[in-house]
file entry11.txt (compact mmCIF, C-alpha atoms)
# COMPACT_ATOMS: atom_id res chain seq x y z
CA MET A 28 -43.35 -12.24 7.79
CA ASN A 29 -39.92 -11.76 6.18
CA TYR A 30 -37.73 -8.94 7.36
CA SER A 31 -34.82 -7.84 5.20
CA LYS A 32 -31.47 -7.52 6.86
CA ARG A 33 -30.70 -3.99 8.00
CA VAL A 34 -28.37 -2.13 5.66
CA GLU A 35 -25.80 0.14 7.28
CA TRP A 36 -23.53 2.71 5.70
CA SER A 37 -20.39 4.56 6.69
CA LYS A 38 -18.30 7.40 5.33
CA LEU A 39 -14.99 6.85 3.61
CA ASP A 40 -11.97 7.97 5.57
CA ASN A 41 -9.86 10.90 4.40
CA ALA A 42 -7.30 8.89 2.42
CA SER A 43 -9.94 6.65 0.80
CA LYS A 44 -11.78 9.43 -1.00
CA ILE A 45 -9.12 9.91 -3.67
CA PHE A 46 -9.14 6.28 -4.89
CA PRO A 47 -12.66 5.81 -6.36
CA ALA A 48 -12.44 9.28 -7.91
CA THR A 49 -9.16 8.57 -9.73
CA CYS A 50 -9.23 4.83 -10.47
CA SER A 51 -9.56 3.48 -14.00
CA TYR A 52 -8.84 0.34 -16.01
CA LYS A 53 -5.40 1.81 -16.65
CA GLU A 54 -4.90 2.65 -12.97
CA PRO A 55 -7.15 0.36 -10.85
CA LYS A 56 -5.75 1.37 -7.41
CA VAL A 57 -5.38 -2.28 -6.38
CA PHE A 58 -2.54 -3.80 -4.36
CA ARG A 59 -1.70 -7.40 -3.49
CA ILE A 60 -0.42 -9.21 -0.41
CA ALA A 61 0.77 -12.78 -0.96
CA CYS A 62 1.78 -15.60 1.35
CA GLU A 63 3.78 -18.47 -0.09
CA LEU A 64 3.63 -21.79 1.73
CA PHE A 65 5.83 -24.86 1.59
CA GLU A 66 2.88 -26.98 0.39
CA PRO A 67 0.08 -26.65 -2.20
CA VAL A 68 -2.97 -24.66 -1.10
CA ASP A 69 -6.20 -26.56 -0.40
CA ARG A 70 -9.05 -24.52 -1.88
CA ASP A 71 -11.81 -25.91 0.37
CA ILE A 72 -9.85 -25.25 3.55
CA LEU A 73 -8.92 -21.77 2.37
CA GLN A 74 -12.64 -21.08 1.83
CA LYS A 75 -13.42 -22.22 5.40
CA ALA A 76 -10.66 -19.94 6.70
CA LEU A 77 -12.04 -17.03 4.68
CA ASP A 78 -15.55 -17.63 6.08
CA VAL A 79 -14.13 -17.37 9.60
CA THR A 80 -11.94 -14.35 8.85
CA ILE A 81 -14.60 -12.21 7.17
CA GLU A 82 -16.72 -12.31 10.33
CA LYS A 83 -13.86 -10.69 12.25
CA PHE A 84 -13.55 -7.86 9.69
CA PRO A 85 -17.06 -6.51 8.93
CA LEU A 86 -15.64 -3.61 6.91
CA TYR A 87 -14.61 -6.17 4.28
CA LYS A 88 -18.29 -7.02 3.68
CA SER A 89 -18.81 -3.50 2.30
CA VAL A 90 -19.60 -2.39 -1.23
CA LEU A 91 -18.89 1.11 -2.51
CA ARG A 92 -21.74 3.45 -3.41
CA SER A 93 -21.94 6.95 -4.90
CA GLY A 94 -23.81 9.64 -2.98
CA VAL A 95 -24.67 13.22 -3.87
CA PHE A 96 -21.55 14.66 -2.25
CA TRP A 97 -19.22 11.71 -1.49
CA PHE A 98 -18.77 7.99 -1.95
CA TYR A 99 -19.77 5.78 0.99
CA PHE A 100 -19.58 2.16 2.17
CA GLU A 101 -22.73 0.04 2.37
CA THR A 102 -22.95 -3.31 4.15
CA SER A 103 -23.75 -6.34 2.02
CA ASP A 104 -24.53 -10.03 2.41
CA ILE A 105 -22.17 -11.02 -0.43
CA ARG A 106 -20.06 -14.03 0.49
CA PRO A 107 -16.45 -13.81 -0.66
CA VAL A 108 -15.49 -16.87 -2.67
CA VAL A 109 -11.97 -18.23 -3.08
CA GLU A 110 -10.90 -18.61 -6.70
CA GLU A 111 -7.92 -20.13 -8.45
CA GLU A 112 -5.86 -17.30 -9.91
CA ASN A 113 -6.71 -16.64 -13.56
CA ASN A 114 -6.59 -12.83 -13.86
CA PRO A 115 -3.66 -10.47 -14.39
CA VAL A 116 -1.96 -9.18 -11.23
CA CYS A 117 -3.87 -6.32 -9.57
CA ALA A 118 -6.70 -6.29 -12.12
CA PRO A 119 -9.55 -3.81 -11.49
CA ILE A 120 -11.83 -4.69 -8.56
CA TYR A 121 -14.08 -1.65 -8.14
CA LYS A 122 -16.50 -1.15 -11.01
CA GLN A 123 -18.85 1.79 -10.65
CA TYR A 124 -22.03 0.10 -11.80
CA GLU A 125 -21.45 -3.29 -10.17
CA ARG A 126 -22.28 -4.19 -6.59
CA ASN A 127 -19.27 -6.24 -5.57
CA LEU A 128 -16.86 -6.63 -2.66
CA LEU A 129 -13.69 -4.57 -2.68
CA PHE A 130 -11.22 -7.42 -2.16
CA LYS A 131 -10.53 -10.86 -3.61
CA VAL A 132 -8.76 -13.99 -2.41
CA PHE A 133 -6.98 -16.21 -4.94
CA TYR A 134 -4.67 -19.18 -4.71
CA TYR A 135 -2.10 -20.56 -7.11
CA LYS A 136 -0.10 -23.69 -6.31
CA LYS A 137 1.60 -22.87 -2.98
CA ARG A 138 0.60 -19.21 -2.86
CA ILE A 139 -2.34 -17.44 -1.23
CA ASN A 140 -3.04 -14.03 -2.79
CA MET A 141 -5.23 -11.24 -1.49
CA GLU A 142 -5.95 -8.19 -3.64
CA VAL A 143 -7.55 -5.05 -2.22
CA PHE A 144 -9.04 -1.90 -3.70
CA HIS A 145 -7.16 0.85 -1.85
CA ALA A 146 -10.31 2.72 -0.80
CA LEU A 147 -11.12 -0.18 1.52
CA SER A 148 -7.85 -0.42 3.43
CA ASP A 149 -4.16 0.40 3.49
CA GLY A 150 -1.31 -2.10 3.57
CA THR A 151 -1.31 -2.45 7.35
CA GLY A 152 -5.06 -3.05 7.58
CA ALA A 153 -5.01 -5.55 4.72
CA LEU A 154 -2.02 -7.32 6.26
CA TRP A 155 -3.98 -7.88 9.49
CA PHE A 156 -6.75 -9.49 7.41
CA MET A 157 -4.23 -11.61 5.49
CA LYS A 158 -2.43 -12.78 8.64
CA THR A 159 -5.77 -13.77 10.17
CA LEU A 160 -6.71 -15.66 7.01
CA VAL A 161 -3.39 -17.57 6.91
CA TYR A 162 -3.60 -18.24 10.66
CA HIS A 163 -7.01 -19.90 10.39
CA TYR A 164 -6.06 -21.75 7.20
CA LEU A 165 -3.06 -23.38 8.86
CA LEU A 166 -5.00 -24.12 12.06
CA ILE A 167 -7.67 -25.95 10.06
CA LYS A 168 -5.22 -27.66 7.70
CA HIS A 169 -2.88 -28.85 10.48
CA ARG A 170 -5.31 -29.08 13.38
CA ASP A 171 -3.70 -32.17 14.93
CA GLU A 172 -0.25 -30.59 14.92
CA LEU A 173 -1.15 -27.01 15.90
CA GLU A 174 -4.32 -27.06 18.02
CA GLY A 175 -3.53 -25.91 21.53
CA LYS A 176 0.16 -25.51 20.69
CA VAL A 177 0.27 -22.06 19.04
CA GLU A 178 -0.49 -18.69 20.55
CA GLU A 179 -3.23 -16.36 19.35
CA LEU A 180 -2.52 -13.63 16.83
CA ASN A 181 -1.36 -10.41 18.46
CA TYR A 182 -4.19 -8.44 16.83
CA ASN A 183 -7.18 -8.48 19.18
CA ALA A 184 -8.85 -5.17 18.35
CA SER A 185 -12.59 -4.85 18.89
CA ILE A 186 -14.97 -4.40 15.96
CA SER A 187 -15.37 -0.68 16.75
CA GLU A 188 -11.57 -0.24 16.86
CA LYS A 189 -11.22 -1.98 13.49
CA MET A 190 -13.93 0.25 11.98
CA ASP A 191 -12.54 3.48 13.46
CA ASP A 192 -11.98 6.51 11.21
CA SER A 193 -8.67 7.44 12.81
CA PHE A 194 -8.20 10.53 10.65
CA MET A 195 -11.20 12.16 12.30
CA ARG A 196 -10.36 10.80 15.74
CA HIS A 197 -6.94 12.43 15.76
CA TYR A 198 -7.89 15.67 14.03
CA PRO A 199 -7.74 18.44 16.67
CA GLY A 200 -9.10 21.20 14.47
CA TRP A 201 -7.07 24.17 13.33
CA ASP A 202 -7.57 27.89 13.29
CA VAL A 203 -8.43 28.89 9.71
CA LYS A 204 -6.11 31.90 9.66
CA LYS A 205 -3.18 29.80 10.88
CA GLN A 206 -3.92 27.16 8.27
CA PHE A 207 -3.86 29.64 5.40
CA ALA A 208 -0.66 31.17 6.79
CA ARG A 209 0.97 27.71 6.76
CA ASN A 210 -0.17 27.11 3.19
CA LYS A 211 1.42 30.37 2.02
CA LYS A 212 4.72 29.34 3.59
CA GLY A 213 4.66 25.93 1.91
CA ASP A 214 7.36 24.65 -0.39
CA LYS A 215 7.24 25.62 -4.02
CA PHE A 216 6.26 22.92 -6.48
CA LYS A 217 9.16 21.22 -8.27
CA ARG A 218 8.76 18.93 -11.25
CA ALA A 219 10.45 15.56 -10.76
CA TYR A 220 12.04 13.26 -13.30
CA HIS A 221 9.55 10.82 -14.82
CA ILE A 222 10.48 7.34 -16.00
CA LYS A 223 9.22 6.64 -19.51
CA GLY A 224 8.65 3.33 -21.24
CA SER A 225 6.48 1.13 -23.45
CA ARG A 226 3.31 0.15 -21.63
CA ASN A 227 2.49 -3.51 -21.15
CA GLU A 228 -0.35 -4.96 -23.19
CA GLU A 229 -3.82 -4.38 -21.74
CA TYR A 230 -2.23 -2.24 -19.00
CA ARG A 231 -0.90 -5.35 -17.28
CA VAL A 232 1.54 -5.00 -14.41
CA LYS A 233 5.06 -6.38 -14.79
CA VAL A 234 6.21 -7.84 -11.47
CA ILE A 235 9.81 -8.71 -10.64
CA GLU A 236 10.59 -9.98 -7.13
CA GLY A 237 13.89 -10.54 -5.42
CA GLY A 238 14.16 -12.66 -2.28
CA MET A 239 17.21 -12.31 -0.03
CA SER A 240 18.51 -12.38 3.53
CA ALA A 241 17.08 -9.54 5.63
CA LYS A 242 20.02 -9.79 8.03
CA ALA A 243 22.55 -9.36 5.23
CA VAL A 244 20.81 -6.26 3.83
CA LEU A 245 20.42 -4.77 7.31
CA GLU A 246 24.14 -5.23 7.93
CA LEU A 247 24.83 -3.34 4.69
CA ALA A 248 22.56 -0.51 5.83
CA HIS A 249 24.32 -0.34 9.19
CA LYS A 250 27.68 0.04 7.41
CA TYR A 251 26.28 3.27 6.02
CA ASN A 252 24.87 4.26 9.45
CA THR A 253 21.31 4.20 8.23
CA THR A 254 18.08 2.19 8.32
CA MET A 255 17.03 -0.47 5.84
CA THR A 256 14.33 1.81 4.38
CA VAL A 257 16.75 4.68 3.76
CA PHE A 258 19.37 2.31 2.33
CA LEU A 259 16.89 0.75 -0.13
CA ALA A 260 15.49 4.17 -1.05
CA ALA A 261 18.98 5.46 -1.79
CA LEU A 262 19.76 2.37 -3.86
CA LEU A 263 16.52 2.88 -5.80
CA ILE A 264 17.42 6.51 -6.53
CA THR A 265 20.92 5.61 -7.75
CA SER A 266 19.41 2.82 -9.90
CA ILE A 267 17.09 5.36 -11.55
CA TYR A 268 19.94 7.80 -12.18
CA GLN A 269 22.04 5.13 -13.90
CA ASP A 270 19.77 5.08 -16.97
CA MET A 271 18.53 8.68 -16.84
CA PRO A 272 19.09 10.60 -20.12
CA ARG A 273 21.73 13.29 -19.68
CA ARG A 274 19.35 16.09 -20.66
CA LYS A 275 16.93 15.00 -17.90
CA LYS A 276 19.45 15.18 -15.07
CA LYS A 277 18.36 18.73 -14.28
CA TYR A 278 15.28 17.18 -12.66
CA PRO A 279 15.43 15.67 -9.15
CA VAL A 280 14.52 12.03 -8.51
CA VAL A 281 11.72 12.07 -5.95
CA LEU A 282 10.33 9.04 -4.12
CA SER A 283 6.92 8.91 -2.51
CA ILE A 284 7.10 6.99 0.78
CA PRO A 285 3.87 5.88 2.54
CA VAL A 286 3.95 6.40 6.30
CA ASN A 287 1.87 4.25 8.66
CA LEU A 288 0.25 6.80 10.98
CA ARG A 289 -0.37 4.09 13.58
CA GLN A 290 3.28 4.60 14.53
CA PHE A 291 2.47 8.12 15.68
CA PHE A 292 -1.17 7.93 16.82
CA LYS A 293 -2.96 5.21 18.78
CA SER A 294 -5.09 3.27 16.33
CA GLU A 295 -6.11 -0.32 15.56
CA THR A 296 -8.19 0.53 12.51
CA VAL A 297 -8.17 -1.70 9.43
CA ARG A 298 -9.21 1.27 7.33
CA ASN A 299 -6.76 3.59 5.62
CA PHE A 300 -4.63 5.47 8.11
CA PHE A 301 -1.50 6.55 6.30
CA SER A 302 0.17 9.61 4.92
CA THR A 303 3.05 10.04 2.46
CA ILE A 304 6.32 11.91 2.51
CA ASN A 305 8.37 12.84 -0.53
CA VAL A 306 12.14 12.47 -0.36
CA GLY A 307 14.42 13.22 -3.26
CA TYR A 308 17.91 13.80 -4.52
CA SER A 309 19.21 16.18 -7.16
CA LEU A 310 22.38 15.07 -8.92
CA LYS A 311 23.11 18.35 -10.72
CA ASN A 312 26.83 18.31 -11.59
CA LYS A 313 27.89 15.88 -8.87
CA ASP A 314 29.11 12.33 -9.37
CA LEU A 315 26.63 9.63 -8.41
CA GLU A 316 27.69 8.15 -5.05
CA LEU A 317 25.47 5.95 -2.92
CA GLY A 318 27.00 7.28 0.31
CA GLU A 319 26.11 10.89 -0.52
CA VAL A 320 22.55 9.92 -1.46
CA ILE A 321 22.17 8.11 1.88
CA VAL A 322 23.42 11.15 3.84
CA SER A 323 20.92 13.37 2.01
CA LEU A 324 18.02 10.94 2.60
CA ASN A 325 18.93 10.53 6.27
CA GLU A 326 18.41 14.28 6.70
CA SER A 327 15.14 14.22 4.73
CA PHE A 328 13.70 11.31 6.73
CA LYS A 329 14.77 12.90 10.03
CA ARG A 330 13.06 16.15 9.05
CA GLU A 331 9.87 14.58 7.70
CA LEU A 332 9.31 11.79 10.24
CA THR A 333 8.76 13.93 13.32
CA GLU A 334 5.48 13.88 15.20
CA GLU A 335 5.08 17.60 14.58
CA SER A 336 5.59 17.26 10.83
CA ILE A 337 3.30 14.23 10.56
CA SER A 338 0.60 15.95 12.66
CA ARG A 339 0.78 19.05 10.50
CA HIS A 340 0.31 17.00 7.32
CA LEU A 341 -2.55 14.99 8.86
CA ASN A 342 -4.35 18.13 9.95
CA LYS A 343 -3.90 19.74 6.56
CA LEU A 344 -5.57 16.79 4.83
CA VAL A 345 -8.55 16.69 7.19
CA PHE A 346 -8.86 20.49 7.21
CA LEU A 347 -9.42 20.46 3.44
CA GLU A 348 -12.02 17.69 3.73
CA ARG A 349 -13.94 19.58 6.43
CA ASN A 350 -13.97 22.85 4.54
CA PRO A 351 -17.68 23.83 4.31
CA LEU A 352 -17.34 25.00 0.71
CA ILE A 353 -15.75 21.74 -0.42
CA ARG A 354 -18.30 19.59 1.43
CA VAL A 355 -21.29 20.98 -0.50
CA VAL A 356 -19.71 20.55 -3.94
CA PRO A 357 -21.52 17.73 -5.85
CA LEU A 358 -19.63 14.46 -6.30
CA PRO A 359 -19.14 14.71 -10.12
CA LEU A 360 -17.34 18.03 -9.68
CA LYS A 361 -15.33 16.69 -6.73
CA LYS A 362 -14.19 13.77 -8.88
CA TYR A 363 -13.01 16.14 -11.58
CA VAL A 364 -11.10 18.31 -9.09
CA LEU A 365 -9.54 15.25 -7.40
CA ARG A 366 -8.31 13.93 -10.74
CA ILE A 367 -6.65 17.25 -11.54
CA ALA A 368 -5.08 17.35 -8.07
CA ASN A 369 -3.87 13.76 -8.50
CA MET A 370 -2.21 14.65 -11.81
CA LEU A 371 -0.46 17.67 -10.25
CA VAL A 372 0.85 15.60 -7.35
CA ASP A 373 2.04 12.94 -9.78
CA MET A 374 4.16 15.51 -11.63
CA GLY A 375 6.35 15.88 -8.53
CA ILE A 376 7.03 12.14 -8.06
CA THR A 377 9.41 9.80 -9.88
CA ALA A 378 8.70 6.47 -8.17
CA ALA A 379 7.43 5.06 -4.89
CA LEU A 380 8.77 2.80 -2.17
CA SER A 381 6.66 1.13 0.50
CA ASN A 382 8.24 -0.82 3.36
CA VAL A 383 5.56 -2.88 5.09
CA GLY A 384 8.17 -3.94 7.63
CA ARG A 385 8.56 -7.17 9.57
CA ILE A 386 5.58 -9.54 9.39
CA GLU A 387 5.13 -11.59 12.55
CA MET A 388 3.21 -14.86 12.79
CA PRO A 389 2.82 -17.11 15.87
CA SER A 390 5.73 -19.35 16.73
CA GLY A 391 5.33 -22.77 15.17
CA PHE A 392 4.21 -21.53 11.75
CA GLU A 393 7.75 -21.26 10.37
CA LYS A 394 7.74 -24.76 8.88
CA TYR A 395 4.58 -23.97 6.87
CA ILE A 396 5.24 -20.40 5.62
CA SER A 397 8.02 -19.65 3.14
CA GLN A 398 7.58 -15.89 2.67
CA PHE A 399 5.24 -12.93 2.35
CA SER A 400 5.35 -10.37 -0.45
CA VAL A 401 3.56 -7.15 -1.38
CA ILE A 402 2.79 -5.80 -4.85
CA PRO A 403 1.81 -2.11 -4.83
CA ASN A 404 -0.80 -0.49 -7.05
CA VAL A 405 0.87 1.02 -10.10
CA ARG A 406 0.70 4.28 -11.97
CA ARG A 407 4.50 4.58 -12.06
CA PRO A 408 7.33 2.13 -11.23
CA GLN A 409 6.96 1.24 -7.56
CA MET A 410 8.82 -0.93 -5.09
CA ALA A 411 7.41 -2.69 -2.03
CA VAL A 412 9.38 -4.42 0.70
CA CYS A 413 8.45 -6.82 3.50
CA THR A 414 10.25 -9.27 5.78
CA TYR A 415 9.22 -12.59 7.28
CA GLY A 416 11.83 -14.30 9.44
CA ASP A 417 15.09 -13.70 7.60
CA ARG A 418 13.38 -13.60 4.21
CA LEU A 419 13.32 -10.08 2.72
CA VAL A 420 11.29 -9.77 -0.47
CA VAL A 421 11.67 -6.72 -2.69
CA SER A 422 8.89 -6.47 -5.28
CA PHE A 423 8.98 -4.15 -8.29
CA ALA A 424 5.71 -3.42 -10.04
CA SER A 425 5.76 -1.43 -13.26
CA PRO A 426 3.38 -0.53 -16.09
CA PHE A 427 6.33 -0.66 -18.51
CA ARG A 428 8.00 -3.49 -20.43
CA GLU A 429 11.50 -2.14 -19.84
CA THR A 430 13.37 -3.60 -16.86
CA GLU A 431 16.60 -1.57 -16.70
CA LEU A 432 15.65 -0.07 -13.32
CA GLN A 433 15.03 -3.47 -11.73
CA LYS A 434 18.23 -4.86 -13.28
CA ASN A 435 20.29 -1.93 -11.94
CA PHE A 436 18.83 -2.30 -8.45
CA PHE A 437 19.34 -6.05 -8.03
CA ARG A 438 22.73 -5.97 -9.75
CA SER A 439 23.92 -3.31 -7.30
CA LEU A 440 22.85 -5.48 -4.36
CA ALA A 441 24.52 -8.53 -5.88
CA GLU A 442 27.78 -6.61 -6.34
CA MET A 443 27.65 -5.84 -2.61
CA GLY A 444 27.58 -9.56 -1.87
CA ILE A 445 23.83 -10.12 -1.45
CA LYS A 446 22.54 -13.43 -2.82
CA ILE A 447 19.19 -12.91 -4.53
CA ASP A 448 16.50 -15.24 -5.91
CA ILE A 449 14.69 -13.52 -8.80
CA CYS A 450 11.23 -14.40 -10.09
CA SER A 451 8.77 -12.64 -12.38
CA ASN A 452 5.24 -12.89 -13.74
call {"tool": "encode", "arguments": {"input": "entry11.txt", "output": "structure tokens"}}
result
Amino acid sequence: MNYSKRVEWSKLDNASKIFPATCSYKEPKVFRIACELFEPVDRDILQKALDVTIEKFPLYKSVLRSGVFWFYFETSDIRPVVEEENNPVCAPIYKQYERNLLFKVFYYKKRINMEVFHALSDGTGALWFMKTLVYHYLLIKHRDELEGKVEELNYNASISEKMDDSFMRHYPGWDVKKQFARNKKGDKFKRAYHIKGSRNEEYRVKVIEGGMSAKAVLELAHKYNTTMTVFLAALLITSIYQDMPRRKKKYPVVLSIPVNLRQFFKSETVRNFFSTINVGYSLKNKDLELGEVIVSLNESFKRELTEESISRHLNKLVFLERNPLIRVVPLPLKKYVLRIANMLVDMGITAALSNVGRIEMPSGFEKYISQFSVIPNVRRPQMAVCTYGDRLVVSFASPFRETELQKNFFRSLAEMGIKIDICSN
């Protein structure tokens, strides 16, 4: 007698619910993590490494389904297959009427690429998958040189920890009256400056990457008594202002900054567990000076990145999800409301910056790995940053053909003495 394999399902976490409701061919909600090696990629070995890695991350076997009230994950027996890259960067992955996995692994020459539909995981969770994939690839490829000589990856979470919905785990529950009181005291909505441009053909993403010394950029940031993230955010804001039409300078430039909540709450989940903060600068009648922008952003980051502020934002998000009235609304109506909410939020944001931070791999891998890079999902110009060793890679992704913003940013760094290697798709 044949028994079919048991199918299991799980709810989407709080952050994931917005992505399937608002994705489209124009805005696929897909991001990429890439690892560039010093040697060409072997497809067969990469497939073996992927077969090993997927067993350690069961969430990545999931497909996305539509329920009556919410989307949900369903386990599948689909085997992920490595392909040579032949699609545009961050092409759509989730398709409503197709039963397919929510990530893909490609290779091209010396580069391993992993693209993820954002409902499945955030950058940190996907990076753990990617690091595991590269780790096993290099162990198989260079078994004689590495076996028994390199340490294990520092990510040893159990399956249950990887599958954890950390939003619900860390939600303490709020008094309804207090929650409404907080909402009434909230900041008033302000429209931000929006970058305009000619869209790329077929909604393709234009990617421009700059590789440079992390140490050199960090030293620049320290000269301004700030962190690398604040320094790069300030430089991005000044780069936007340089080409802003004069009549638009009444609007502030506002950046959306993803925040990894694992920094504030104990969690090893590979699912989404992030929030965002908005930081901005209004030029008004002042002269544009990088130092003044940095001082302003230092205050904004200090105010927003407190445990109290982060906890309050986390609880607000989960409170809305757990509202009994919202929970019983049918999915088609929820999708409509989420799209409207997404459009309203978008009106208050100019661009986005995501700093994945320092990527660590076991000692001994340095002679095989050149760099890592991250390409964010795009509905507006966005910048992503990551560091491996002393290699800092700044990636711009944009839906527009125009490249003045990227030119202004990298030129400003070059004028400060930073040597930059530029590449583009």
call {"tool": "closest_atom_pairs", "arguments": {"input": "entry11.txt", "of": "stretch 233-340 of chain A", "to": "stretch 148-169 of chain A", "cutoff": "12 Å", "atoms": "only C-alpha atoms", "output": "JSON lines"}}
result
{"residue": "A:Pro285", "atom": "CA", "partner": "A:Gly150", "partner_atom": "CA", "distance": 9.6}
{"residue": "A:Val286", "atom": "CA", "partner": "A:Thr151", "partner_atom": "CA", "distance": 10.3}
{"residue": "A:Asn287", "atom": "CA", "partner": "A:Thr151", "partner_atom": "CA", "distance": 7.5}
{"residue": "A:Leu288", "atom": "CA", "partner": "A:Thr151", "partner_atom": "CA", "distance": 10.1}
{"residue": "A:Arg289", "atom": "CA", "partner": "A:Thr151", "partner_atom": "CA", "distance": 9.1}
{"residue": "A:Gln290", "atom": "CA", "partner": "A:Thr151", "partner_atom": "CA", "distance": 11.1}
{"residue": "A:Ser294", "atom": "CA", "partner": "A:Gly152", "partner_atom": "CA", "distance": 10.8}
{"residue": "A:Glu295", "atom": "CA", "partner": "A:Gly152", "partner_atom": "CA", "distance": 8.5}
{"residue": "A:Thr296", "atom": "CA", "partner": "A:Gly152", "partner_atom": "CA", "distance": 6.8}
{"residue": "A:Val297", "atom": "CA", "partner": "A:Gly152", "partner_atom": "CA", "distance": 3.9}
{"residue": "A:Arg298", "atom": "CA", "partner": "A:Ser148", "partner_atom": "CA", "distance": 4.5}
{"residue": "A:Asn299", "atom": "CA", "partner": "A:Asp149", "partner_atom": "CA", "distance": 4.6}
{"residue": "A:Phe300", "atom": "CA", "partner": "A:Asp149", "partner_atom": "CA", "distance": 6.9}
{"residue": "A:Phe301", "atom": "CA", "partner": "A:Asp149", "partner_atom": "CA", "distance": 7.3}
{"residue": "A:Ser302", "atom": "CA", "partner": "A:Asp149", "partner_atom": "CA", "distance": 10.3}
call {"tool": "closest_residue", "arguments": {"input": "entry11.txt", "among": "A:Lys217, A:Lys446, A:Arg59, A:Lys394", "to": "A:His145", "atoms": "only C-alpha atoms"}}
result
A:Arg59
call {"tool": "residues_around", "arguments": {"input": "entry11.txt", "residues": "stretch 363-378 of chain A", "least_positions_apart": "4", "cutoff": "9 Å", "atoms": "all atoms listed in the file", "output": "ChimeraX atom specification"}}
result
/A:44-45,48-49,216-222,263-264,279-283,305,307,358-359,407-410
call {"tool": "atom_distance", "arguments": {"input": "entry11.txt", "atom1": "atom CA of A:Leu347", "atom2": "atom CA of A:Leu39"}}
result
14.7 Å
call {"tool": "closest_residue", "arguments": {"input": "entry11.txt", "among": "A:Leu86, A:Val177, A:Val132, A:Met239", "to": "A:Asn114", "atoms": "all atoms listed in the file"}}
result
A:Val132
call {"tool": "axis_aligned_box", "arguments": {"input": "entry11.txt", "around": "stretch 280-283 of chain A", "padding_each_side": "4 Å", "output": "JSON"}}
result
{"center_x": 10.7, "center_y": 10.5, "center_z": -5.5, "size_x": 15.6, "size_y": 11.2, "size_z": 14.0}
call {"tool": "closest_residue", "arguments": {"input": "entry11.txt", "among": "A:Val257, A:Leu341, A:Val383, A:Ala184", "to": "A:Asn325", "atoms": "all atoms listed in the file"}}
result
A:Val257
call {"tool": "closest_residue", "arguments": {"input": "entry11.txt", "among": "A:Lys56, A:Lys233, A:Arg92, A:Arg170", "to": "A:Arg406", "atoms": "all atoms listed in the file"}}
result
A:Lys56
call {"tool": "closest_residue", "arguments": {"input": "entry11.txt", "among": "A:Phe346, A:Lys242, A:Glu111, A:Tyr395", "to": "A:Thr414", "atoms": "all atoms listed in the file"}}
result
A:Lys242
call {"tool": "atom_distance", "arguments": {"input": "entry11.txt", "atom1": "atom CA of A:Val356", "atom2": "atom CA of A:Phe96"}}
result
6.4 Å
call {"tool": "atom_distance", "arguments": {"input": "entry11.txt", "atom1": "atom CA of A:Asn350", "atom2": "atom CA of A:Trp36"}}
result
22.3 Å
call {"tool": "closest_residue", "arguments": {"input": "entry11.txt", "among": "A:Val421, A:Met388, A:Val306, A:Leu344", "to": "A:Arg330", "atoms": "all atoms listed in the file"}}
result
A:Val306
call {"tool": "residues_around", "arguments": {"input": "entry11.txt", "residues": "A:Val116", "least_positions_apart": "6", "cutoff": "12 Å", "atoms": "only C-alpha atoms", "output": "CSV table (one decimal) with C-alpha atoms, in the coordinates of the input"}}
result
chain,number,residue,atom,x,y,z
A,55,PRO,CA,-7.2,0.4,-10.8
A,56,LYS,CA,-5.8,1.4,-7.4
A,57,VAL,CA,-5.4,-2.3,-6.4
A,58,PHE,CA,-2.5,-3.8,-4.4
A,59,ARG,CA,-1.7,-7.4,-3.5
A,60,ILE,CA,-0.4,-9.2,-0.4
A,61,ALA,CA,0.8,-12.8,-1.0
A,131,LYS,CA,-10.5,-10.9,-3.6
A,133,PHE,CA,-7.0,-16.2,-4.9
A,140,ASN,CA,-3.0,-14.0,-2.8
A,141,MET,CA,-5.2,-11.2,-1.5
A,142,GLU,CA,-6.0,-8.2,-3.6
A,143,VAL,CA,-7.6,-5.0,-2.2
A,229,GLU,CA,-3.8,-4.4,-21.7
A,230,TYR,CA,-2.2,-2.2,-19.0
A,231,ARG,CA,-0.9,-5.4,-17.3
A,232,VAL,CA,1.5,-5.0,-14.4
A,233,LYS,CA,5.1,-6.4,-14.8
A,234,VAL,CA,6.2,-7.8,-11.5
A,235,ILE,CA,9.8,-8.7,-10.6
A,401,VAL,CA,3.6,-7.2,-1.4
A,402,ILE,CA,2.8,-5.8,-4.8
A,403,PRO,CA,1.8,-2.1,-4.8
A,404,ASN,CA,-0.8,-0.5,-7.0
A,405,VAL,CA,0.9,1.0,-10.1
A,424,ALA,CA,5.7,-3.4,-10.0
A,425,SER,CA,5.8,-1.4,-13.3
A,426,PRO,CA,3.4,-0.5,-16.1
A,451,SER,CA,8.8,-12.6,-12.4
A,452,ASN,CA,5.2,-12.9,-13.7
call {"tool": "residues_around", "arguments": {"input": "entry11.txt", "residues": "A:Ile386", "least_positions_apart": "5", "cutoff": "8 Å", "atoms": "all atoms listed in the file", "output": "short mmCIF file (atom, residue, chain, number, x, y, z; two decimals) with C-alpha atoms, in the coordinates of the input"}}
result
data_model
loop_
_atom_site.label_atom_id
_atom_site.label_comp_id
_atom_site.auth_asym_id
_atom_site.auth_seq_id
_atom_site.Cartn_x
_atom_site.Cartn_y
_atom_site.Cartn_z
CA PHE A 399 5.24 -12.93 2.35
CA CYS A 413 8.45 -6.82 3.50
CA THR A 414 10.25 -9.27 5.78
CA TYR A 415 9.22 -12.59 7.28
CA GLY A 416 11.83 -14.30 9.44
#
